[in-house]
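A.B. asks: Quick one: the structure is below, and I'll ask about it shortly.
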Amino acid sequence: MQFLFFLCASQQYDFFYLVQQWNPSYCNTKRSCCYPIYGKPATDFGIHSLWPYFANGSYPQNCNKIHKSVFDEAKISDLIGRMQKDWPSLSCPSTNGSKIWKHEWTTRGTCSVATLDQHSYFEAALNMKEKINILQILKNAGIKPGGVYSIFDINEAIRKVTGHEAGIHCNKDAFGKSQLYKVYICVDPSGSRVIECPGIPMGKCRSTIKFPSF
């Protein structure tokens, strides 16, 4: 942990992983989920994290212990509506989302303060999700919720639009079947442009996977 703090203090991150999770797959497990207190989220990808990384595969975290940047929800008051829609918390018990936003800022966002302050960090993630609309990309390629598709076709659909390969992660549904869970896309240090990944974080997926709906 001390090594990670040193990296955070002495070296700027090289890129972000914008990680989006398929909301139905988070809930469609033996563990299930809890909807936010403001209602059931959309059948869509939600932001999991905007995660700073180094090109060598390591990553900084908990940089608030160096930068003393404490999460302040008032600083993102104008983003709350978008946050609740595109960055919902599905963990139990139900919340309004502020707990998970605080965790992401404290654990990961504070490691980007040399480039992005708290508002800029969350706004960058929201803007990139809007720019790279994975659900629409897949639908345009004929890949729709409720079906079963090849992992190659899913990745190829994303690559054709973004120009870069994405990292695809799967989890298992309540019956042990492999399903689309997370998509990793690499973003430049400013949080504004998709770039080629220094390394593709591939998860354990079958060659053919479910794309479930709520």
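Numbering starts fresh at 1 for the residues of each chain in the structure tokens, the chains themselves are lettered A, B, ... in the order given, and ligands are numbered from 1 as they appear.
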Using DSSP assignments from the backbone, pull out every residue in range 16-135 of chain A that falls under alpha helix (DSSP H) and give it to me as a ChimeraX atom specification.

C.D. replies: /A:23-27,64-67,80-86,98-107,118-131,134-135

A.B. asks: Using 9 Å as the limit and counting only C-alpha atoms, can you tabulate each residue of range 101-174 of chain A that touches range 44-57 of chain A, with its shortest atom-to-atom distance in Å and the two atoms involved, as a tab-separated table?

C.D. replies:
```
residue	atom	partner	partner_atom	distance
A:Glu104	CA	A:Ser49	CA	6.7
A:Arg108	CA	A:Trp51	CA	5.8
A:Gly109	CA	A:Trp51	CA	7.3
A:Cys111	CA	A:Pro52	CA	7.0
A:Ser112	CA	A:Pro52	CA	6.9
A:Tyr121	CA	A:Leu50	CA	8.0
A:Phe122	CA	A:Leu50	CA	8.2
A:Ala124	CA	A:Leu50	CA	8.6
A:Ala125	CA	A:Leu50	CA	6.1
A:Leu126	CA	A:Ile47	CA	7.9
A:Lys129	CA	A:Ile47	CA	7.4
A:Asn133	CA	A:Phe45	CA	8.5
A:Ile134	CA	A:Phe45	CA	7.3
A:Leu135	CA	A:Asp44	CA	6.5
```

A.B. asks: Per DSSP on the backbone, filter range 26-149 of chain A down to the residues in strand (DSSP E) and report them as a VMD selection string.

C.D. replies: chain A and resid 45 to 53 147 to 149

A.B. asks: Excluding Thr29 in chain A and any residue of its chain fewer than 4 positions from it, enumerate the residues within 10 Å of it, using only C-alpha atoms, and give them as a PyMOL selection string.

C.D. replies: chain A and resi 24-25+33+171-177+179

A.B. asks: With only C-alpha atoms as the atoms that count, which of A:Pro60, A:Pro93, A:Pro201, A:Gly81 lies nearest to Pro36 in chain A?

C.D. replies: A:Pro93

A.B. asks: Nearest residue to Trp105 in chain A out of A:Cys92, A:Ile168, A:Cys63, A:Cys27, using only C-alpha atoms?

C.D. replies: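 Looking only at the distances to Trp105 in chain A, the closest residue turns out to be A:Cys63.
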
A.B. asks: With distances taken over only C-alpha atoms, which residue among A:Met128, A:Ile137, A:Ile80, A:Ile143 lies nearest Ser192 in chain A?

C.D. replies: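 Closest to Ser192 in chain A, using only C-alpha atoms: A:Met128.
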